[in-house]
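First the structure, in the form of C-alpha cells, and then the observations on it.
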Amino acid sequence: MLYRENGQFKTTYRADQQIFPILQDRLFIGLLLVVAFVVVPGLASDYMFRAILIPFLIMALAALGVNILVGYCGQISLGSGAFMAVGAYGAYNFFVRIPEMPLVPAILLGGLCATAFGILFGLPSLRVRGLYLAVATLAAQFFADWMFLRIKWLLNDSPSGQVSVGSLQVFGFPIDSAVSRYWFCLAILAVMALLAKNLVRSAIGREWMAIRDMDVAAAVIGIRPMYAKLSAFAVSSFIIGVAGALWAFVYLGAWESAAFSVDLSFRLLFMVIIGGLGSIMGAFFGAGFIVVLPIFLNQLLPPLFAAFGMEISTAGLSHAELMIFGALIVWFLVVEPHGLARLWSTGKQKLRLWPFPH
Amino acid sequence: MGFFLETLLGGLMAGMLYALVALGFVLIFKASGVFNFAQGAMVLFAALAMARFSEWLPAWTGLQNPIVANVLAFIIAGVIMFGVAWLVEWLVLRRLVNQEGATLLMATLGIAYFLEGLGQTLFGNSIYKIDIGMPKDPVIAFESTFQGGILVNKEDLIAAAIAAALVAVLSLFFQKTSTGRALRAVADDHQAAQSIGIPLERIWVIVWCVAGVVALVAGMIWGSKLGVQFSLATVALRALPVVILGGLTSVPGAIIGGLIIGVGEKLSEVYIGPMVGGGIEIWFAYVLALGFLLFRPQGLFGEKIIDRV
C-alpha cells in the first residue's frame, strides 16, 4: 500500500514530464539527499569518508559518464581511464599555471579538456563499431598513459613524474577535512546526476538510445549518427573528466599517471555492467559495489581463513580478490545481465502490486 | 642500411610473436563470435603452469633429463589448458548463448581476472624461467654485404619458425579436417550449423582448447625470452592492434597484421621515438591500427560488414 501511483492524477504536461512522476519517488529521493548531505556526515567516521564514501562518490560520477557512452549510446569504451587522466591533468595544469585559479573552474576546464580528447578518440566510432571500437578506444588509454609519463610539460616539469596539489578551497571555504571533501564531491555528483538524468530523457538522450539499438535504422529515420555519437562522447568524457579531476585533486592529492591505468578503465566498465547498462541509478549501484567489495573482502577473508586454521598472505589476499572479482563478474552476467538496477526496478514493480501479487 | 635492416628484422621477429598471441584471439572470435580478452591471462596461466611443472617434475621424480622434463611439463600444461577450456565452456559460455557481444566481452574479462588470480595462487607470483634450450647467442649475418653485418638473435629465429609451423598446422586443421570445417560452419552461422547437427558446445570446447594450446606455445616462447611473470598477461594488450589491423576473423590477417605491427613498432621506436621522448611503441601500434580502421573498418582481411535495417 506504500508504493502506489493510483490517485495521483497528472493534469498538466508539466506534471506528466517530471523526472519522478510518482510522489513516493520524490519523497524517497528527497529523503536520500537529506540523509546524504546531513545525516551521513554526522555518523560516518574519518576512515569511512576516506576509504569508502569519497571514492564511492567520485567513482559513481565516473560510472555515470561511462554509462552515458556505453549504456545509452552503445559505444563500448575501454579508454575511460584515459578520459579521467586527461580531466585530472588538464585541471592540474589550469590550476597551477594560472595564478589565483579557483578550484571549480579548474575542474570544469579539466572536464572540457577531456571533452576535446574524447571527441578526438571518438572519431573512429563513426567508422567502426562494437568490438573493433572497444579495442580502438584502448589507443586513447595507452596514448594517455604515455603522454602523462613522458611529456614533462604536462606535469609542470615535475622531475619524479608525480604531481600534487596543495590546499584546496571553494568560494573561500577550505576543503581539507574529510567531511568538506565529501560535501564537495557530493554536491558535484548531485548536480551532474541531475543534469545527466535530464539529458538522457531529452531528445538528445533518445537519439543516443536509437543509435545504440540500431544505428543504421536510426540514421534512416533521420538521426545524424555523427552528431549523436560525438555528442555522447563529448558529454560522457566531460563527466568522466570531472570525475578524474576530483579523483586526483580531492581523493589522491598527489598522483602519477599509473593512477589512471587500463585497470581503472576495466573497473569502470565493470561498474556499469554490474550496476546496469543504460540506467543512471545503475551507476551508483555499480560504483558502490566495486568500491566496497575489495574493502569487504579485506575484512572478511583473513578471519575466514583463520577459522580454518590457515593464514593468508598479502599476495594471497590480492590473488583471492582477483579471483572473487572475476567470478562475481561472470556470475552477475550469467544471473542478471541487466545489472543491479534491474533488481531495483523489479523490487519497485513488486512493491507496486503489494500486497496482491497478481 | 645494416641498422635499418636489423631493426626491420627485429620487428618481424617480434611481429611473429604478436601474431601468435593474436591467433588465439582470432580463433575464438572466428568460431564463436566471442572477443576473448582472457587470452593474455591464458598465456600467463599456461606459461606459469609449464614453468613450474618443468621445475617440479625433476624435484618430485628425480628426473634428470631436462628435455624430457620440459616435454612432460608442456603436456601437463596442455592438459590443464584443456581443462580450463572445458570449464569455461561449461560454466560460462553455455550460459551466455545469444547474449550480446559486449556481454560476452565482459565475461571474458571476468575470466581473465579469475585466471590471473588462480594462476598466481597455484603457481606462485615471482619470476620463473622456462628453459627450453634455445640458444641465446646472436649470430651475425650478411657480414660481407653490409658494414658490421646484421645482428640476428638465434632465439628469435627459432621462435619465428615455431610460430610459422603452428600457423601452418592450424591452417591445415581449419581447411582439411572435418572438425575444421565444422568450426568454420559455426563461425558463419551458429543456427545453421546447429540445424545440420554440428554440436555447438563441443565446437566451443575444441576452439578454446586450440586457443589454450596457442596460448601455451606463445607463453612458452615469450616466457623463455622474458621470463614468466605477471607482465606476460599484458602481452595480449600489445597483440590487440594486430587483431584489428588484420581483421577479427582472418588467420592470415593475424600473421600479416602481426608483422606490420611488429615492424611499425620497432621502426617508430627507433626513428620517431627519440624525437618525442621514447616509449612510444605501445600506443604507436594502436594509433597505426586506428588510422587504418578509418579507411578500412573491417581490417585488412576481415569480412566486409554489410548493414541492413
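As shown in the C-alpha cells, the chain order sets the letters A, B, ...; within each chain, residues go from 1, and ligands are also counted from 1 in the order they appear.
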
Can you check which parts of chain A lie within 9 Å of chain B? Per residue, the shortest pair of atoms and distance in Å to one decimal, counting only C-alpha atoms, sorted by chain and number, as CSV.
residue,atom,partner,partner_atom,distance
A:Ile76,CA,B:Ala102,CA,7.4
A:Leu123,CA,B:Leu294,CA,8.7
A:Pro124,CA,B:Leu294,CA,6.2
A:Leu126,CA,B:Leu294,CA,8.5
A:Arg127,CA,B:Leu294,CA,6.1
A:Val128,CA,B:Pro297,CA,5.5
A:Arg129,CA,B:Pro297,CA,8.7
A:Gly130,CA,B:Ala102,CA,7.5
A:Leu131,CA,B:Phe35,CA,7.2
A:Tyr132,CA,B:Ile244,CA,6.4
A:Val135,CA,B:Leu240,CA,6.9
A:Ala136,CA,B:Leu290,CA,6.0
A:Thr137,CA,B:Leu290,CA,8.9
A:Leu138,CA,B:Tyr286,CA,7.5
A:Ala139,CA,B:Tyr286,CA,5.0
A:Ala140,CA,B:Trp283,CA,8.2
A:Gln141,CA,B:Trp283,CA,8.4
A:Phe142,CA,B:Trp283,CA,5.3
A:Phe143,CA,B:Trp283,CA,5.3
A:Ala144,CA,B:Trp283,CA,8.9
A:Asp145,CA,B:Trp283,CA,8.9
A:Trp146,CA,B:Ile280,CA,7.1
A:Arg150,CA,B:Gly277,CA,6.1
A:Ile151,CA,B:Gly277,CA,7.4
A:Met214,CA,B:Val309,CA,8.0
A:Asp215,CA,B:Val309,CA,9.0
A:Val216,CA,B:Val309,CA,6.2
A:Ala217,CA,B:Val309,CA,5.4
A:Val220,CA,B:Val309,CA,8.5
A:Phe266,CA,B:Leu109,CA,8.2
A:Leu269,CA,B:Met106,CA,8.4
A:Phe270,CA,B:Met106,CA,7.6
A:Ile273,CA,B:Met106,CA,8.1
A:Ala315,CA,B:Asn125,CA,8.3
A:Gly316,CA,B:Thr121,CA,6.5
A:Ser318,CA,B:Gly117,CA,7.8
A:His319,CA,B:Gly117,CA,4.3
A:Ala320,CA,B:Gly117,CA,6.2
A:Glu321,CA,B:Gly117,CA,7.5
A:Leu322,CA,B:Gly117,CA,5.1
A:Met323,CA,B:Phe114,CA,4.0
A:Ile324,CA,B:Phe114,CA,7.0
A:Phe325,CA,B:Tyr113,CA,7.0
A:Gly326,CA,B:Gly110,CA,3.9
A:Ala327,CA,B:Phe114,CA,6.2
A:Leu328,CA,B:Gly110,CA,7.7
A:Ile329,CA,B:Gly110,CA,5.4
A:Val330,CA,B:Ala107,CA,5.2
A:Trp331,CA,B:Val92,CA,8.3
A:Leu333,CA,B:Ala107,CA,6.8
A:Val334,CA,B:Arg95,CA,6.2
A:Val335,CA,B:Arg95,CA,8.9
A:Pro337,CA,B:Thr103,CA,7.5

Polymer residues at most 12 Å from Pro252 of chain B, only C-alpha atoms, same-chain spacing of 3 or more positions, as an mmCIF file with all heavy atoms, in the first residue's frame:
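Okay, part.cif is ready:
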data_model
loop_
_atom_site.group_PDB
_atom_site.id
_atom_site.type_symbol
_atom_site.label_atom_id
_atom_site.label_comp_id
_atom_site.auth_asym_id
_atom_site.auth_seq_id
_atom_site.Cartn_x
_atom_site.Cartn_y
_atom_site.Cartn_z
ATOM 1 N N MET B 16 56.057 -11.729 -35.319
ATOM 2 C CA MET B 16 55.679 -13.141 -35.375
ATOM 3 C C MET B 16 55.101 -13.576 -34.027
ATOM 4 O O MET B 16 54.120 -14.316 -33.963
ATOM 5 C CB MET B 16 56.942 -13.947 -35.692
ATOM 6 C CG MET B 16 56.710 -15.205 -36.462
ATOM 7 S SD MET B 16 56.011 -14.871 -38.068
ATOM 8 C CE MET B 16 55.168 -16.412 -38.315
ATOM 9 N N ALA B 19 51.767 -12.129 -33.571
ATOM 10 C CA ALA B 19 50.832 -12.873 -34.404
ATOM 11 C C ALA B 19 50.363 -14.129 -33.673
ATOM 12 O O ALA B 19 49.196 -14.507 -33.751
ATOM 13 C CB ALA B 19 51.482 -13.246 -35.727
ATOM 14 N N LEU B 20 51.284 -14.733 -32.951
ATOM 15 C CA LEU B 20 50.953 -15.956 -32.229
ATOM 16 C C LEU B 20 49.878 -15.702 -31.180
ATOM 17 O O LEU B 20 48.935 -16.476 -31.025
ATOM 18 C CB LEU B 20 52.223 -16.477 -31.550
ATOM 19 C CG LEU B 20 52.327 -17.960 -31.303
ATOM 20 C CD1 LEU B 20 52.103 -18.709 -32.587
ATOM 21 C CD2 LEU B 20 53.685 -18.281 -30.740
ATOM 22 N N ALA B 22 47.868 -13.083 -31.227
ATOM 23 C CA ALA B 22 46.690 -12.614 -31.954
ATOM 24 C C ALA B 22 45.895 -13.782 -32.511
ATOM 25 O O ALA B 22 44.668 -13.738 -32.587
ATOM 26 C CB ALA B 22 47.111 -11.681 -33.086
ATOM 27 N N LEU B 23 46.618 -14.827 -32.889
ATOM 28 C CA LEU B 23 45.976 -16.025 -33.424
ATOM 29 C C LEU B 23 44.952 -16.578 -32.445
ATOM 30 O O LEU B 23 43.874 -17.021 -32.843
ATOM 31 C CB LEU B 23 47.074 -17.066 -33.682
ATOM 32 C CG LEU B 23 46.833 -18.076 -34.770
ATOM 33 C CD1 LEU B 23 46.581 -17.353 -36.066
ATOM 34 C CD2 LEU B 23 48.053 -18.957 -34.894
ATOM 35 N N VAL B 26 41.864 -14.546 -32.744
ATOM 36 C CA VAL B 26 41.145 -14.771 -33.998
ATOM 37 C C VAL B 26 40.419 -16.111 -33.965
ATOM 38 O O VAL B 26 39.256 -16.208 -34.367
ATOM 39 C CB VAL B 26 42.127 -14.705 -35.182
ATOM 40 C CG1 VAL B 26 41.463 -15.176 -36.444
ATOM 41 C CG2 VAL B 26 42.642 -13.302 -35.347
ATOM 42 N N LEU B 27 41.094 -17.150 -33.457
ATOM 43 C CA LEU B 27 40.487 -18.484 -33.445
ATOM 44 C C LEU B 27 39.165 -18.461 -32.705
ATOM 45 O O LEU B 27 38.146 -18.953 -33.197
ATOM 46 C CB LEU B 27 41.425 -19.473 -32.753
ATOM 47 C CG LEU B 27 42.633 -19.905 -33.568
ATOM 48 C CD1 LEU B 27 43.542 -20.766 -32.729
ATOM 49 C CD2 LEU B 27 42.154 -20.657 -34.791
ATOM 50 N N ALA B 164 55.613 -20.078 -37.180
ATOM 51 C CA ALA B 164 55.217 -20.359 -38.554
ATOM 52 C C ALA B 164 54.663 -21.779 -38.661
ATOM 53 O O ALA B 164 53.647 -22.024 -39.323
ATOM 54 C CB ALA B 164 56.406 -20.176 -39.485
ATOM 55 N N VAL B 167 51.197 -21.924 -37.252
ATOM 56 C CA VAL B 167 50.225 -21.327 -38.170
ATOM 57 C C VAL B 167 49.895 -22.292 -39.296
ATOM 58 O O VAL B 167 48.728 -22.476 -39.667
ATOM 59 C CB VAL B 167 50.775 -20.005 -38.719
ATOM 60 C CG1 VAL B 167 49.918 -19.522 -39.866
ATOM 61 C CG2 VAL B 167 50.830 -18.969 -37.623
ATOM 62 N N ALA B 168 50.935 -22.949 -39.816
ATOM 63 C CA ALA B 168 50.705 -23.897 -40.908
ATOM 64 C C ALA B 168 49.792 -25.020 -40.443
ATOM 65 O O ALA B 168 48.834 -25.393 -41.134
ATOM 66 C CB ALA B 168 52.052 -24.452 -41.382
ATOM 67 N N LEU B 170 47.666 -25.003 -37.994
ATOM 68 C CA LEU B 170 46.309 -24.512 -37.767
ATOM 69 C C LEU B 170 45.556 -24.305 -39.077
ATOM 70 O O LEU B 170 44.380 -24.626 -39.180
ATOM 71 C CB LEU B 170 46.353 -23.198 -36.982
ATOM 72 C CG LEU B 170 46.613 -23.354 -35.493
ATOM 73 C CD1 LEU B 170 46.788 -21.999 -34.841
ATOM 74 C CD2 LEU B 170 45.470 -24.095 -34.823
ATOM 75 N N SER B 171 46.260 -23.778 -40.094
ATOM 76 C CA SER B 171 45.600 -23.579 -41.380
ATOM 77 C C SER B 171 45.149 -24.918 -41.950
ATOM 78 O O SER B 171 44.021 -25.050 -42.440
ATOM 79 C CB SER B 171 46.550 -22.901 -42.370
ATOM 80 O OG SER B 171 47.049 -21.735 -41.808
ATOM 81 N N VAL B 242 47.091 -5.800 -33.488
ATOM 82 C CA VAL B 242 47.316 -6.763 -34.568
ATOM 83 C C VAL B 242 45.983 -7.299 -35.054
ATOM 84 O O VAL B 242 45.726 -7.389 -36.255
ATOM 85 C CB VAL B 242 48.194 -7.921 -34.057
ATOM 86 C CG1 VAL B 242 48.278 -9.008 -35.096
ATOM 87 C CG2 VAL B 242 49.558 -7.427 -33.670
ATOM 88 N N VAL B 243 45.120 -7.629 -34.103
ATOM 89 C CA VAL B 243 43.850 -8.235 -34.477
ATOM 90 C C VAL B 243 42.988 -7.252 -35.241
ATOM 91 O O VAL B 243 42.362 -7.609 -36.239
ATOM 92 C CB VAL B 243 43.093 -8.720 -33.233
ATOM 93 C CG1 VAL B 243 41.978 -9.633 -33.642
ATOM 94 C CG2 VAL B 243 44.012 -9.411 -32.283
ATOM 95 N N LEU B 245 43.966 -4.684 -36.913
ATOM 96 C CA LEU B 245 44.576 -4.375 -38.206
ATOM 97 C C LEU B 245 44.318 -5.505 -39.190
ATOM 98 O O LEU B 245 43.942 -5.277 -40.340
ATOM 99 C CB LEU B 245 46.088 -4.160 -38.026
ATOM 100 C CG LEU B 245 46.822 -3.720 -39.275
ATOM 101 C CD1 LEU B 245 46.412 -2.317 -39.641
ATOM 102 C CD2 LEU B 245 48.318 -3.776 -39.068
ATOM 103 N N GLY B 246 44.496 -6.738 -38.730
ATOM 104 C CA GLY B 246 44.371 -7.875 -39.637
ATOM 105 C C GLY B 246 42.940 -8.267 -39.911
ATOM 106 O O GLY B 246 42.661 -8.974 -40.871
ATOM 107 N N GLY B 247 42.033 -7.847 -39.059
ATOM 108 C CA GLY B 247 40.651 -8.306 -39.205
ATOM 109 C C GLY B 247 40.403 -9.396 -38.186
ATOM 110 O O GLY B 247 41.214 -10.297 -38.027
ATOM 111 N N LEU B 248 39.244 -9.293 -37.529
ATOM 112 C CA LEU B 248 38.998 -10.201 -36.391
ATOM 113 C C LEU B 248 38.824 -11.639 -36.810
ATOM 114 O O LEU B 248 38.942 -12.538 -36.004
ATOM 115 C CB LEU B 248 37.737 -9.741 -35.649
ATOM 116 C CG LEU B 248 37.918 -8.695 -34.574
ATOM 117 C CD1 LEU B 248 36.583 -8.211 -34.084
ATOM 118 C CD2 LEU B 248 38.709 -9.272 -33.434
ATOM 119 N N THR B 249 38.509 -11.873 -38.078
ATOM 120 C CA THR B 249 38.128 -13.233 -38.452
ATOM 121 C C THR B 249 39.135 -13.917 -39.358
ATOM 122 O O THR B 249 38.830 -14.942 -39.932
ATOM 123 C CB THR B 249 36.780 -13.214 -39.186
ATOM 124 O OG1 THR B 249 36.842 -12.210 -40.183
ATOM 125 C CG2 THR B 249 35.650 -12.924 -38.232
ATOM 126 N N ILE B 255 48.570 -12.967 -38.962
ATOM 127 C CA ILE B 255 50.001 -13.089 -39.229
ATOM 128 C C ILE B 255 50.544 -11.801 -39.839
ATOM 129 O O ILE B 255 51.510 -11.203 -39.358
ATOM 130 C CB ILE B 255 50.288 -14.261 -40.204
ATOM 131 C CG1 ILE B 255 49.578 -15.516 -39.748
ATOM 132 C CG2 ILE B 255 51.777 -14.467 -40.364
ATOM 133 C CD1 ILE B 255 49.981 -15.994 -38.403
ATOM 134 N N ILE B 256 49.860 -11.366 -40.919
ATOM 135 C CA ILE B 256 50.372 -10.192 -41.631
ATOM 136 C C ILE B 256 50.251 -8.959 -40.757
ATOM 137 O O ILE B 256 51.170 -8.128 -40.677
ATOM 138 C CB ILE B 256 49.638 -10.027 -42.975
ATOM 139 C CG1 ILE B 256 49.913 -11.292 -43.790
ATOM 140 C CG2 ILE B 256 50.080 -8.779 -43.696
ATOM 141 C CD1 ILE B 256 49.547 -11.256 -45.196
ATOM 142 N N GLY B 257 49.102 -8.859 -40.046
ATOM 143 C CA GLY B 257 48.938 -7.754 -39.106
ATOM 144 C C GLY B 257 50.047 -7.764 -38.070
ATOM 145 O O GLY B 257 50.609 -6.716 -37.736
ATOM 146 N N GLY B 258 50.371 -8.954 -37.584
ATOM 147 C CA GLY B 258 51.435 -9.068 -36.580
ATOM 148 C C GLY B 258 52.752 -8.555 -37.106
ATOM 149 O O GLY B 258 53.461 -7.782 -36.440
ATOM 150 N N LEU B 259 53.053 -8.945 -38.353
ATOM 151 C CA LEU B 259 54.327 -8.499 -38.931
ATOM 152 C C LEU B 259 54.336 -6.990 -39.102
ATOM 153 O O LEU B 259 55.324 -6.316 -38.779
ATOM 154 C CB LEU B 259 54.575 -9.199 -40.271
ATOM 155 C CG LEU B 259 54.759 -10.718 -40.170
ATOM 156 C CD1 LEU B 259 54.972 -11.324 -41.538
ATOM 157 C CD2 LEU B 259 55.924 -11.065 -39.256
ATOM 158 N N GLY B 299 39.265 -4.100 -41.231
ATOM 159 C CA GLY B 299 40.622 -4.632 -41.151
ATOM 160 C C GLY B 299 41.102 -5.109 -42.503
ATOM 161 O O GLY B 299 40.379 -5.067 -43.492
ATOM 162 N N LEU B 300 42.345 -5.573 -42.549
ATOM 163 C CA LEU B 300 42.949 -5.950 -43.827
ATOM 164 C C LEU B 300 42.200 -7.077 -44.523
ATOM 165 O O LEU B 300 41.875 -7.000 -45.691
ATOM 166 C CB LEU B 300 44.386 -6.411 -43.577
ATOM 167 C CG LEU B 300 45.497 -5.392 -43.695
ATOM 168 C CD1 LEU B 300 46.807 -6.047 -43.340
ATOM 169 C CD2 LEU B 300 45.556 -4.836 -45.101
ATOM 170 N N PHE B 301 41.951 -8.145 -43.752
ATOM 171 C CA PHE B 301 41.366 -9.329 -44.361
ATOM 172 C C PHE B 301 40.006 -9.669 -43.769
ATOM 173 O O PHE B 301 39.497 -10.745 -43.950
ATOM 174 C CB PHE B 301 42.293 -10.536 -44.172
ATOM 175 C CG PHE B 301 43.597 -10.397 -44.870
ATOM 176 C CD1 PHE B 301 44.702 -9.874 -44.219
ATOM 177 C CD2 PHE B 301 43.733 -10.777 -46.194
ATOM 178 C CE1 PHE B 301 45.907 -9.731 -44.860
ATOM 179 C CE2 PHE B 301 44.949 -10.637 -46.845
ATOM 180 C CZ PHE B 301 46.037 -10.113 -46.179
ATOM 181 N N GLY B 302 39.463 -8.759 -42.991
ATOM 182 C CA GLY B 302 38.191 -9.063 -42.327
ATOM 183 C C GLY B 302 37.070 -9.164 -43.340
ATOM 184 O O GLY B 302 37.195 -8.712 -44.483
#

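Atom pair atom CA of Leu155 of chain A / atom CA of Phe94 of chain A: separated by 11.4 Å.
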
Among segment 53-287 of chain B, which residues does DSSP mark as helix (DSSP H, G or I) when it is run on the backbone? Keep the chain and numbering as in the structure and answer as an MDAnalysis selection string. chainID B and resid 53:61 66:91 93:96 101:123 154:176 178:188 190:195 200:226 232:246 251:276 281:287

As an mmCIF file with N, CA, C and O atoms, in the first residue's frame, please: the residues near segment 42-46 of chain B (cut-off 7 Å, only C-alpha atoms, same-chain neighbours under 2 positions excluded).
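Okay, out36.cif is ready:
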data_model
loop_
_atom_site.group_PDB
_atom_site.id
_atom_site.type_symbol
_atom_site.label_atom_id
_atom_site.label_comp_id
_atom_site.auth_asym_id
_atom_site.auth_seq_id
_atom_site.Cartn_x
_atom_site.Cartn_y
_atom_site.Cartn_z
ATOM 1 N N ALA B 38 40.483 -12.782 -22.329
ATOM 2 C CA ALA B 38 41.227 -13.616 -21.389
ATOM 3 C C ALA B 38 42.455 -14.243 -22.036
ATOM 4 O O ALA B 38 43.189 -14.965 -21.367
ATOM 5 N N GLN B 39 42.654 -13.968 -23.328
ATOM 6 C CA GLN B 39 43.790 -14.614 -23.998
ATOM 7 C C GLN B 39 45.108 -14.325 -23.283
ATOM 8 O O GLN B 39 45.938 -15.215 -23.107
ATOM 9 N N GLY B 40 45.298 -13.096 -22.846
ATOM 10 C CA GLY B 40 46.529 -12.744 -22.137
ATOM 11 C C GLY B 40 46.661 -13.518 -20.842
ATOM 12 O O GLY B 40 47.724 -14.043 -20.511
ATOM 13 N N LEU B 48 52.911 -20.116 -16.748
ATOM 14 C CA LEU B 48 53.196 -20.390 -15.335
ATOM 15 C C LEU B 48 53.151 -21.892 -15.070
ATOM 16 O O LEU B 48 54.047 -22.453 -14.423
ATOM 17 N N ALA B 49 52.112 -22.543 -15.585
ATOM 18 C CA ALA B 49 51.983 -23.990 -15.372
ATOM 19 C C ALA B 49 53.203 -24.711 -15.914
ATOM 20 O O ALA B 49 53.802 -25.548 -15.242
ATOM 21 N N MET B 50 53.590 -24.337 -17.141
ATOM 22 C CA MET B 50 54.717 -25.043 -17.752
ATOM 23 C C MET B 50 56.002 -24.771 -16.980
ATOM 24 O O MET B 50 56.779 -25.690 -16.690
ATOM 25 N N ALA B 77 50.849 -28.948 -18.951
ATOM 26 C CA ALA B 77 50.269 -27.612 -19.110
ATOM 27 C C ALA B 77 49.175 -27.649 -20.172
ATOM 28 O O ALA B 77 48.121 -27.007 -20.017
ATOM 29 N N MET B 81 45.280 -26.673 -19.782
ATOM 30 C CA MET B 81 44.571 -25.710 -20.625
ATOM 31 C C MET B 81 43.296 -26.319 -21.199
ATOM 32 O O MET B 81 42.286 -25.629 -21.361
ATOM 33 N N LEU B 115 41.504 -16.091 -13.933
ATOM 34 C CA LEU B 115 42.680 -16.899 -14.288
ATOM 35 C C LEU B 115 43.964 -16.272 -13.748
ATOM 36 O O LEU B 115 44.860 -16.987 -13.291
ATOM 37 N N GLU B 116 44.037 -14.932 -13.794
ATOM 38 C CA GLU B 116 45.244 -14.279 -13.262
ATOM 39 C C GLU B 116 45.397 -14.596 -11.779
ATOM 40 O O GLU B 116 46.482 -14.947 -11.306
ATOM 41 N N GLY B 119 46.030 -18.536 -11.351
ATOM 42 C CA GLY B 119 47.369 -18.927 -11.788
ATOM 43 C C GLY B 119 48.420 -18.561 -10.754
ATOM 44 O O GLY B 119 49.281 -19.364 -10.398
ATOM 45 N N GLY B 212 43.876 -22.444 -26.142
ATOM 46 C CA GLY B 212 44.705 -22.716 -24.972
ATOM 47 C C GLY B 212 46.089 -23.201 -25.374
ATOM 48 O O GLY B 212 47.102 -22.774 -24.809
ATOM 49 N N ALA B 215 47.974 -20.382 -26.712
ATOM 50 C CA ALA B 215 48.439 -19.561 -25.588
ATOM 51 C C ALA B 215 49.648 -20.202 -24.938
ATOM 52 O O ALA B 215 50.606 -19.519 -24.546
ATOM 53 N N LEU B 216 49.618 -21.524 -24.841
ATOM 54 C CA LEU B 216 50.744 -22.222 -24.213
ATOM 55 C C LEU B 216 52.024 -22.026 -25.014
ATOM 56 O O LEU B 216 53.083 -21.718 -24.459
ATOM 57 N N ALA B 218 52.642 -19.630 -27.163
ATOM 58 C CA ALA B 218 53.043 -18.224 -27.060
ATOM 59 C C ALA B 218 53.692 -17.947 -25.715
ATOM 60 O O ALA B 218 54.736 -17.291 -25.629
ATOM 61 N N GLY B 219 53.083 -18.492 -24.668
ATOM 62 C CA GLY B 219 53.624 -18.276 -23.333
ATOM 63 C C GLY B 219 55.000 -18.883 -23.182
ATOM 64 O O GLY B 219 55.883 -18.302 -22.543
ATOM 65 N N PHE B 230 53.997 -11.712 -14.233
ATOM 66 C CA PHE B 230 52.682 -11.147 -14.458
ATOM 67 C C PHE B 230 52.608 -10.334 -15.752
ATOM 68 O O PHE B 230 51.583 -10.314 -16.420
ATOM 69 N N LEU B 232 53.432 -10.875 -18.517
ATOM 70 C CA LEU B 232 53.083 -11.667 -19.692
ATOM 71 C C LEU B 232 51.619 -11.463 -20.085
ATOM 72 O O LEU B 232 51.271 -11.519 -21.262
ATOM 73 N N ALA B 233 50.779 -11.226 -19.073
ATOM 74 C CA ALA B 233 49.360 -11.037 -19.357
ATOM 75 C C ALA B 233 49.143 -9.784 -20.197
ATOM 76 O O ALA B 233 48.166 -9.686 -20.932
#

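Across the structure, atom CA of Gly197 of chain B and atom CA of Thr177 of chain B are spaced 16.8 Å apart.
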
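Nearest to Leu317 of chain A of all the residues A:Ile295, A:Ile58, A:Ala85, A:Val235 is A:Ile295, based on only C-alpha atoms.
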
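Within segment 43-186 of chain B, DSSP run on the backbone puts these residues in strand (DSSP E or B): Tyr128, Pro138, Val139, Ile140, Ala141, Ile150, Leu151, Val152 and Asn153 of chain B.
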
Residues near Leu183 of chain B, cut-off 12 Å, only C-alpha atoms, skip fewer than 6 positions along chain, as a ChimeraX atom specification: /B:27-33,170,173-177,189-190,193-194,198-208,210

Please provide the set of residues having any atom within 10 Å of Val217 of chain B, restricted to only C-alpha atoms, with same-chain residues fewer than 5 positions apart removed, written as a PyMOL selection string. chain B and resi 17+20-21+43+46-47+74+78+159+162-163+166+211-212+222-223

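Counting only C-alpha atoms, the residue from A:Val165, A:Ile119, A:Ala219, A:Val170 that sits nearest to Leu252 of chain A is A:Val165.
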
Atom pair atom CA of Ala62 of chain A / atom CA of Gly241 of chain A: separation (Å): 7.9 Å
